[in-house]
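work.cif follows; it contains mmCIF, C-alpha atoms.
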```cif
data_structure
loop_
_atom_site.label_atom_id
_atom_site.label_comp_id
_atom_site.auth_asym_id
_atom_site.auth_seq_id
_atom_site.Cartn_x
_atom_site.Cartn_y
_atom_site.Cartn_z
CA MET U 2 -158.04 5.29 -18.01
CA GLY U 3 -155.59 6.39 -20.76
CA ILE U 4 -158.19 8.75 -22.19
CA MET U 5 -158.80 10.28 -18.75
CA LEU U 6 -155.04 10.72 -18.16
CA GLU U 7 -154.61 12.46 -21.51
CA ALA U 8 -157.53 14.78 -20.73
CA GLY U 9 -155.97 15.63 -17.36
CA LEU U 10 -152.61 16.36 -18.94
CA ASP U 11 -154.29 18.63 -21.50
CA LEU U 12 -155.64 20.71 -18.66
CA LEU U 13 -152.29 20.91 -16.87
CA LEU U 14 -149.79 21.19 -19.71
CA PRO U 15 -149.82 23.92 -22.39
CA THR U 16 -150.58 22.73 -25.88
CA SER U 17 -149.80 24.61 -29.08
CA SER U 18 -153.06 26.51 -28.74
CA HIS U 19 -152.40 27.48 -25.11
CA ILE U 20 -148.69 28.42 -25.14
CA LEU U 21 -148.07 32.09 -24.38
CA GLN U 22 -145.52 33.53 -26.75
CA VAL U 23 -143.21 36.34 -25.73
CA GLY U 24 -144.37 39.64 -27.17
CA VAL U 25 -147.77 38.26 -28.15
CA PRO U 26 -150.65 39.45 -25.92
CA SER U 27 -152.88 36.79 -24.41
CA ALA U 28 -156.63 36.66 -24.89
CA VAL U 29 -157.04 38.20 -21.43
CA ALA U 30 -154.64 41.01 -22.28
CA THR U 31 -156.39 41.81 -25.54
CA SER U 32 -159.92 41.62 -24.18
CA GLU U 33 -161.71 44.90 -23.71
CA PRO U 34 -161.40 46.32 -20.18
CA ASN U 35 -164.54 46.63 -18.10
CA LEU U 36 -166.04 49.98 -17.13
CA ILE U 37 -164.11 50.26 -13.83
CA GLN U 38 -160.83 49.56 -15.61
CA GLN U 39 -161.64 52.11 -18.28
CA ILE U 40 -162.50 54.74 -15.67
CA ILE U 41 -159.15 54.15 -13.96
CA GLN U 42 -157.37 54.36 -17.31
CA ALA U 43 -159.23 57.57 -18.18
CA PHE U 44 -158.23 59.12 -14.84
CA ILE U 45 -154.58 58.15 -15.34
CA LEU U 46 -154.48 59.51 -18.88
CA GLY U 47 -156.06 62.71 -17.58
CA ILE U 48 -153.16 62.97 -15.13
CA VAL U 49 -150.68 62.46 -17.97
CA GLN U 50 -152.43 65.10 -20.10
CA GLY U 51 -152.64 67.55 -17.22
CA ILE U 52 -149.03 67.27 -16.09
CA THR U 53 -147.40 67.18 -19.52
CA GLU U 54 -149.48 69.81 -21.35
CA PHE U 55 -147.79 72.75 -19.65
CA LEU U 56 -144.45 71.30 -18.64
CA PRO U 57 -141.89 71.48 -21.48
CA ILE U 58 -141.94 67.72 -22.13
CA SER U 59 -144.75 67.15 -24.73
CA SER U 60 -148.21 65.89 -23.83
CA THR U 61 -148.74 64.31 -27.27
CA ALA U 62 -145.60 62.19 -26.93
CA HIS U 63 -146.46 60.98 -23.43
CA LEU U 64 -150.07 60.12 -24.28
CA GLN U 65 -148.97 58.13 -27.33
CA VAL U 66 -146.27 56.27 -25.42
CA PHE U 67 -148.59 55.50 -22.49
CA THR U 68 -151.46 54.19 -24.62
CA LYS U 69 -149.21 52.09 -26.85
CA ALA U 70 -146.93 50.75 -24.14
CA LEU U 71 -149.83 49.78 -21.87
CA GLY U 72 -152.14 48.64 -24.67
CA TRP U 73 -154.86 51.15 -23.81
CA GLU U 74 -155.93 51.46 -27.44
CA LEU U 75 -159.56 52.28 -26.70
CA LEU U 76 -158.61 55.43 -24.80
CA GLY U 77 -155.73 56.20 -27.13
CA GLU U 78 -158.18 57.15 -29.86
CA LYS U 79 -158.24 60.77 -30.97
CA SER U 80 -161.82 61.27 -29.83
CA PHE U 81 -160.89 60.72 -26.18
CA VAL U 82 -157.61 62.65 -26.28
CA ALA U 83 -159.17 65.57 -28.17
CA THR U 84 -161.90 65.93 -25.57
CA ILE U 85 -159.94 65.69 -22.31
CA GLN U 86 -157.74 68.56 -23.51
CA PHE U 87 -160.66 70.80 -22.54
CA GLY U 88 -159.58 70.18 -18.95
CA SER U 89 -156.22 71.82 -19.70
CA VAL U 90 -157.90 74.71 -21.55
CA ILE U 91 -160.22 75.43 -18.62
CA ALA U 92 -157.34 75.20 -16.13
CA VAL U 93 -155.13 77.74 -17.91
CA LEU U 94 -158.08 80.10 -18.45
CA ILE U 95 -159.00 80.03 -14.76
CA TYR U 96 -155.42 80.35 -13.54
CA PHE U 97 -154.68 83.37 -15.74
CA TRP U 98 -158.16 84.89 -15.78
CA LYS U 99 -157.04 88.02 -13.92
CA ASP U 100 -154.14 88.56 -16.33
CA ILE U 101 -156.38 87.90 -19.34
CA SER U 102 -158.94 90.42 -18.09
CA LEU U 103 -156.27 93.08 -17.50
CA ILE U 104 -154.74 92.55 -20.95
CA LEU U 105 -158.12 92.68 -22.72
CA THR U 106 -159.32 95.72 -20.75
CA GLY U 107 -156.04 97.58 -21.16
CA GLY U 108 -155.88 96.67 -24.83
CA TRP U 109 -159.36 98.08 -25.40
CA VAL U 110 -158.45 101.32 -23.62
CA ALA U 111 -155.25 101.56 -25.68
CA PHE U 112 -157.27 101.07 -28.87
CA GLN U 113 -159.71 103.81 -27.91
CA GLU U 114 -156.88 106.18 -26.98
CA LYS U 115 -154.71 105.05 -29.92
CA ASN U 116 -151.94 104.50 -27.41
CA TRP U 117 -150.05 101.79 -29.28
CA ARG U 118 -147.16 101.79 -26.80
CA ARG U 119 -149.29 100.74 -23.86
CA ASP U 120 -148.05 97.44 -22.35
CA GLU U 121 -151.44 95.70 -22.57
CA TRP U 122 -151.73 96.57 -26.26
CA GLN U 123 -148.25 95.27 -26.97
CA LEU U 124 -149.09 92.02 -25.19
CA LEU U 125 -152.48 91.62 -26.85
CA VAL U 126 -151.14 92.17 -30.35
CA GLY U 127 -148.08 90.06 -29.58
CA VAL U 128 -150.24 87.10 -28.55
CA ALA U 129 -152.53 87.56 -31.59
CA ILE U 130 -149.64 87.74 -34.06
CA GLY U 131 -147.78 84.94 -32.30
CA THR U 132 -150.79 82.64 -32.65
CA LEU U 133 -151.04 83.01 -36.44
CA PRO U 134 -147.99 80.92 -37.50
CA ILE U 135 -149.08 77.72 -35.77
CA LEU U 136 -152.67 78.09 -36.99
CA VAL U 137 -151.75 78.83 -40.61
CA VAL U 138 -149.08 76.13 -40.91
CA GLY U 139 -151.13 73.66 -38.88
CA PHE U 140 -154.09 74.06 -41.25
CA ALA U 141 -151.83 73.80 -44.31
CA ILE U 142 -150.33 70.46 -43.23
CA LYS U 143 -153.30 69.08 -41.30
CA ASP U 144 -153.57 65.98 -43.51
CA LEU U 145 -149.94 65.09 -42.83
CA LEU U 146 -150.37 65.65 -39.09
CA ASN U 147 -153.49 63.47 -38.98
CA ASP U 148 -151.91 60.61 -40.93
CA GLU U 149 -151.09 58.04 -38.26
CA ASN U 150 -148.86 56.15 -40.72
CA SER U 151 -146.80 59.22 -41.52
CA ALA U 152 -143.16 59.25 -40.38
CA ILE U 153 -143.87 62.47 -38.49
CA ASN U 154 -146.11 60.53 -36.09
CA SER U 155 -143.77 57.59 -35.54
CA MET U 156 -142.28 56.79 -32.15
CA THR U 157 -138.79 57.22 -33.59
CA THR U 158 -139.58 60.76 -34.72
CA ILE U 159 -141.09 61.57 -31.32
CA ALA U 160 -137.94 60.30 -29.61
CA ILE U 161 -135.64 62.29 -31.89
CA ASP U 162 -137.76 65.43 -31.45
CA SER U 163 -137.56 65.02 -27.68
CA ILE U 164 -133.77 64.73 -27.77
CA VAL U 165 -133.30 67.67 -30.16
CA MET U 166 -135.56 69.92 -28.08
CA ALA U 167 -133.68 68.89 -24.94
CA LEU U 168 -130.45 70.11 -26.53
CA LEU U 169 -132.07 73.38 -27.64
CA LEU U 170 -133.55 74.01 -24.19
CA GLY U 171 -130.16 73.30 -22.65
CA ALA U 172 -128.54 75.81 -25.03
CA ALA U 173 -131.19 78.42 -24.22
CA GLU U 174 -130.65 77.86 -20.50
CA LYS U 175 -126.89 78.24 -20.86
CA PHE U 176 -126.70 81.19 -23.26
CA GLY U 177 -129.90 83.14 -22.52
CA SER U 178 -129.29 86.37 -20.59
CA ARG U 179 -132.49 86.10 -18.48
CA LYS U 180 -132.52 89.86 -17.82
CA ARG U 181 -135.90 90.83 -19.28
CA ASP U 182 -139.04 90.85 -17.13
CA PHE U 183 -142.72 90.77 -18.10
CA ASN U 184 -142.94 94.53 -18.61
CA SER U 185 -140.29 94.39 -21.35
CA LEU U 186 -142.39 92.20 -23.67
CA LYS U 187 -143.11 93.70 -27.07
CA ILE U 188 -145.01 92.71 -30.22
CA ARG U 189 -141.77 91.44 -31.75
CA ASP U 190 -141.41 88.94 -28.90
CA GLY U 191 -144.89 87.61 -29.58
CA LEU U 192 -144.05 87.05 -33.24
CA LEU U 193 -140.70 85.35 -32.58
CA ILE U 194 -142.01 83.13 -29.79
CA GLY U 195 -145.03 82.36 -31.99
CA LEU U 196 -142.67 81.16 -34.71
CA GLY U 197 -141.06 78.93 -32.12
CA GLN U 198 -144.48 77.64 -31.09
CA MET U 199 -145.00 76.49 -34.67
CA LEU U 200 -142.40 73.75 -34.08
CA ALA U 201 -144.85 72.11 -31.69
CA LEU U 202 -146.85 70.83 -34.66
CA ALA U 203 -144.35 67.96 -34.72
CA PRO U 204 -145.28 65.38 -32.04
CA GLY U 205 -142.62 65.21 -29.35
CA VAL U 206 -141.52 68.83 -29.60
CA SER U 207 -143.90 70.25 -26.93
CA ARG U 208 -145.67 73.57 -27.38
CA SER U 209 -144.62 74.86 -23.97
CA GLY U 210 -141.11 73.52 -24.54
CA ALA U 211 -140.75 75.30 -27.89
CA THR U 212 -142.09 78.63 -26.60
CA LEU U 213 -140.12 78.49 -23.34
CA THR U 214 -136.92 77.72 -25.25
CA THR U 215 -137.48 80.58 -27.71
CA ALA U 216 -138.30 83.01 -24.91
CA LEU U 217 -135.11 82.10 -23.04
CA PHE U 218 -133.06 82.66 -26.20
CA LEU U 219 -134.65 86.13 -26.38
CA GLY U 220 -133.30 86.94 -22.92
CA LEU U 221 -136.50 86.61 -20.87
CA GLN U 222 -136.38 85.59 -17.23
CA ARG U 223 -137.45 81.99 -16.66
CA GLU U 224 -140.73 82.81 -14.89
CA THR U 225 -141.56 85.51 -17.46
CA ALA U 226 -140.81 83.08 -20.28
CA ALA U 227 -143.11 80.46 -18.77
CA LYS U 228 -145.93 82.93 -18.07
CA PHE U 229 -145.86 84.34 -21.58
CA SER U 230 -145.68 80.79 -22.95
CA PHE U 231 -148.94 80.00 -21.12
CA LEU U 232 -150.67 83.18 -22.30
CA LEU U 233 -149.51 82.70 -25.89
CA GLY U 234 -150.71 79.11 -25.81
CA ILE U 235 -154.28 79.91 -24.75
CA PRO U 236 -155.66 80.83 -28.22
CA ALA U 237 -153.75 78.07 -30.04
CA LEU U 238 -154.66 75.39 -27.49
CA THR U 239 -158.32 76.48 -27.38
CA ILE U 240 -158.73 76.61 -31.16
CA ALA U 241 -156.87 73.33 -31.71
CA THR U 242 -158.91 71.56 -29.04
CA LEU U 243 -162.22 72.82 -30.48
CA TYR U 244 -161.15 71.80 -33.99
CA GLU U 245 -160.07 68.31 -32.91
CA PHE U 246 -163.23 67.87 -30.83
CA ILE U 247 -165.54 68.76 -33.72
CA LYS U 248 -163.53 66.71 -36.20
CA GLU U 249 -162.77 63.62 -34.12
CA ALA U 250 -164.99 63.44 -31.06
CA LEU U 251 -168.40 64.94 -31.72
CA GLY U 252 -170.97 62.18 -31.32
CA LYS U 253 -168.32 59.52 -30.62
CA ILE U 254 -167.45 60.01 -26.97
CA ASP U 255 -168.35 58.11 -23.83
CA LEU U 256 -169.54 60.82 -21.43
CA VAL U 257 -168.48 58.95 -18.29
CA LEU U 258 -164.92 58.26 -19.44
CA VAL U 259 -164.49 61.69 -20.98
CA GLY U 260 -165.87 63.33 -17.84
CA VAL U 261 -163.37 61.49 -15.64
CA GLY U 262 -160.47 62.21 -18.00
CA THR U 263 -161.36 65.88 -18.41
CA LEU U 264 -161.73 66.44 -14.66
CA SER U 265 -158.43 64.71 -14.02
CA ALA U 266 -156.74 66.76 -16.77
CA PHE U 267 -158.16 69.99 -15.30
CA ILE U 268 -156.94 69.28 -11.76
CA PHE U 269 -153.43 68.26 -12.76
CA SER U 270 -153.09 70.98 -15.40
CA TYR U 271 -153.85 73.60 -12.75
CA ILE U 272 -151.36 72.02 -10.35
CA SER U 273 -148.63 71.78 -13.00
CA ILE U 274 -149.06 75.44 -14.03
CA ALA U 275 -148.78 76.66 -10.44
CA TRP U 276 -145.86 74.34 -9.72
CA LEU U 277 -143.87 75.31 -12.83
CA LEU U 278 -144.18 79.06 -12.21
CA ARG U 279 -143.04 78.65 -8.59
CA TYR U 280 -140.26 76.27 -9.61
CA LEU U 281 -138.82 78.64 -12.23
CA GLN U 282 -138.72 81.47 -9.70
CA ARG U 283 -135.97 79.59 -7.86
CA LYS U 284 -134.44 77.03 -10.21
CA ASP U 285 -133.32 76.46 -13.79
CA THR U 286 -134.72 74.22 -16.53
CA TRP U 287 -132.00 71.53 -16.53
CA ILE U 288 -134.32 68.99 -14.92
CA PHE U 289 -136.46 69.11 -18.07
CA VAL U 290 -133.41 68.91 -20.34
CA TRP U 291 -132.21 65.69 -18.68
CA TYR U 292 -135.72 64.27 -18.55
CA ARG U 293 -136.29 64.87 -22.26
CA LEU U 294 -132.98 63.26 -23.13
CA ALA U 295 -133.80 60.22 -20.99
CA PHE U 296 -137.33 60.02 -22.41
CA GLY U 297 -136.09 60.07 -26.00
CA VAL U 298 -133.39 57.49 -25.35
CA ALA U 299 -135.88 55.25 -23.51
CA ILE U 300 -138.26 55.30 -26.50
CA LEU U 301 -135.49 54.44 -28.96
CA SER U 302 -134.28 51.64 -26.68
CA ALA U 303 -137.81 50.22 -26.33
CA ILE U 304 -138.26 50.25 -30.12
CA ALA U 305 -134.89 48.55 -30.65
CA ALA U 306 -135.77 45.88 -28.07
CA GLY U 307 -139.15 45.25 -29.69
CA MET U 308 -141.02 46.43 -26.59
CA LEU U 309 -142.68 49.35 -28.37
CA LYS U 310 -144.13 49.56 -31.86
CA ASN U 311 -142.76 52.35 -34.01
CA ASN U 312 -146.20 53.17 -35.50
#
```
Reformat the file's structure so that it appears as structure tokens.
Amino acid sequence: MGIMLEAGLDLLLPTSSHILQVGVPSAVATSEPNLIQQIIQAFILGIVQGITEFLPISSTAHLQVFTKALGWELLGEKSFVATIQFGSVIAVLIYFWKDISLILTGGWVAFQEKNWRRDEWQLLVGVAIGTLPILVVGFAIKDLLNDENSAINSMTTIAIDSIVMALLLGAAEKFGSRKRDFNSLKIRDGLLIGLGQMLALAPGVSRSGATLTTALFLGLQRETAAKFSFLLGIPALTIATLYEFIKEALGKIDLVLVGVGTLSAFIFSYISIAWLLRYLQRKDTWIFVWYRLAFGVAILSAIAAGMLKNN
């Protein structure tokens, strides 16, 4: 009878091997999710990628925070993230296809006529020159950027970058003249905004955030700044995505999960592009300034409370 009672109590009461400790994931929590769960996770991460890639709030930072905070380590791997970015690339190409065609056609005509003052030529060369800084510097420090244990990839650095860029965007919003439209863009603007884009190599800065901020400092109207930010980002985003895919994902991806994530990223990238351009026609960028500040503070608070790992 005593043996039976002890066995019953063992089932009901937690022993040292069954006690759940705060901050320590259970066996259920650490077990691999099934296919349905992974599909749902892939779809959600595609939403995160799509929304944050083109808003000035950093897609890299949000994907890292989401995967670490929720414990979605399988989908947090570079192979998955590198591949679903194709959804964002396709979305921006489709959305701006008419503009891209006009710039390329006009640039070719300008080249044939040697009309170097033509607007399309100025834009084409500006985008080309503006893309070089991030590619050259990115290649030079690629080992540092890919080192997951490097301080540059820590959650603390991401939080600080988010806060600093919030302050810079706020300054650009306050002091930028916002008098220049799309027709005023010159090669010099492409170079300067391209130098700003280079800052996006640091996780948490945001490529669109860095270029939008620089463009506002140069006196561009908000919608013009955003549109040129998108156009300038097309070569860099495409090349970076192809490079990361070949390096990290080729032969390592699950086609079902990647397909779901890429489709989700495409849909929400397209929506976010359209929304941001309409939004900046009527309103300022302060919503993104306050969001970035809150995001950075939230990360630092979570690290301090032990709710989020720094690496």
Point to revise | Exercise: Lys79 of chain U partners within 12 Å, all atoms listed in the file, chain neighbours under 5 positions left out, as number ranges by chain | key: U: 61, 64-65, 68, 74, 84-86, 147-149, 242, 244-251, 253-254, 259
Check your understanding: On this structure, which residues satisfy the PyMOL selection byres ((chain U and resi 142-144) around 12), written as an MDAnalysis selection string?
Key -> chainID U and resid 135:141 145:151 153:154 199 202:203 241 244:245 248
Check your understanding: Neighbours of Ile300 of chain U within 10 Å (only C-alpha atoms; same-chain residues fewer than 3 positions away dropped), as a list in words?
Key -> Val66, Met156, Thr157, Thr158, Ile159, Ala160, Ile161, Ser163, Ala295, Phe296, Gly297, Ala303, Ile304, Ala305, Ala306, Met308, Leu309, Lys310 and Asn311 of chain U
**Study point:** Spatial neighbours of Phe44 of chain U, 9 Å, all atoms listed in the file, chain gap at least 5 places, as a list in words
**Key:** Gln39, Val49, Leu258, Val261, Gly262, Thr263, Leu264, Ser265 and Ala266 of chain U
**Study point:** Chain and number of each residue from the PyMOL selection byres ((chain U and resi 267) around 8), as a list of chain:residue names
**Key:** U:Gly47, U:Gly51, U:Phe87, U:Gly88, U:Ser89, U:Val90, U:Ile91, U:Ala92, U:Thr263, U:Leu264, U:Ser265, U:Ala266, U:Ile268, U:Phe269, U:Ser270, U:Tyr271
Point to revise | Val206 of chain U environment, 9 Å, only C-alpha atoms, sequence neighbours closer than 6 positions dropped, as a PyMOL selection string | key: chain U and resi 57-59+61-62+159+162-166+200
Review point. Interatomic distance between atom CA of Gly220 of chain U and atom CA of Ala129 of chain U?
Key: 21.1 Å
Practice item. For the file shown, report as a PyMOL selection string the outcome of the PyMOL selection byres ((chain U and resi 180) around 9) at residue level. Key: chain U and resi 177-179+181-182+220-222
Exercise for review: Fewer than 2 positions away in the same chain doesn't count, so skip those; otherwise give me all residues within 12 Å of Leu277 of chain U, counting all atoms listed in the file, as an MDAnalysis selection string.
Suggested key: chainID U and resid 52:57 209 213 223:228 230:231 269:275 279:286 288:289
Limited to C-alpha atoms, could you put the picked residues into a file as a short mmCIF file (atom, residue, chain, number, x, y, z; two decimals), in the coordinates of the input?
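The result, written out as part.cif:
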```
data_model
loop_
_atom_site.label_atom_id
_atom_site.label_comp_id
_atom_site.auth_asym_id
_atom_site.auth_seq_id
_atom_site.Cartn_x
_atom_site.Cartn_y
_atom_site.Cartn_z
CA ILE U 52 -149.03 67.27 -16.09
CA THR U 53 -147.40 67.18 -19.52
CA GLU U 54 -149.48 69.81 -21.35
CA PHE U 55 -147.79 72.75 -19.65
CA LEU U 56 -144.45 71.30 -18.64
CA PRO U 57 -141.89 71.48 -21.48
CA SER U 209 -144.62 74.86 -23.97
CA LEU U 213 -140.12 78.49 -23.34
CA ARG U 223 -137.45 81.99 -16.66
CA GLU U 224 -140.73 82.81 -14.89
CA THR U 225 -141.56 85.51 -17.46
CA ALA U 226 -140.81 83.08 -20.28
CA ALA U 227 -143.11 80.46 -18.77
CA LYS U 228 -145.93 82.93 -18.07
CA SER U 230 -145.68 80.79 -22.95
CA PHE U 231 -148.94 80.00 -21.12
CA PHE U 269 -153.43 68.26 -12.76
CA SER U 270 -153.09 70.98 -15.40
CA TYR U 271 -153.85 73.60 -12.75
CA ILE U 272 -151.36 72.02 -10.35
CA SER U 273 -148.63 71.78 -13.00
CA ILE U 274 -149.06 75.44 -14.03
CA ALA U 275 -148.78 76.66 -10.44
CA ARG U 279 -143.04 78.65 -8.59
CA TYR U 280 -140.26 76.27 -9.61
CA LEU U 281 -138.82 78.64 -12.23
CA GLN U 282 -138.72 81.47 -9.70
CA ARG U 283 -135.97 79.59 -7.86
CA LYS U 284 -134.44 77.03 -10.21
CA ASP U 285 -133.32 76.46 -13.79
CA THR U 286 -134.72 74.22 -16.53
CA ILE U 288 -134.32 68.99 -14.92
CA PHE U 289 -136.46 69.11 -18.07
#
```
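For the choices U:Lys115, U:Asp255, U:Leu103, U:Ser155, the atom-to-atom distance to Lys69 of chain U is smallest for U:Ser155 when using all atoms listed in the file.
Atom CA of Leu94 of chain U is found 16.2 Å from atom CA of Thr132 of chain U.
Distance check against Gly131 of chain U using only C-alpha atoms: of U:Trp109, U:Phe229, U:Trp287, U:Phe81, the minimum falls on U:Phe229.
Of the listed residues U:Ala172, U:Val257, U:Leu301, U:Ile95, the one whose atoms come nearest to Ile37 of chain U is U:Val257, with distances taken using only C-alpha atoms.
Across the model, the gap from atom CA of Trp73 of chain U to atom CA of Gln42 of chain U is 7.7 Å.
With distances restricted to only C-alpha atoms, U:Phe176 is the closest residue to Phe218 of chain U from U:Phe176, U:Trp276, U:Trp117, U:Trp122.
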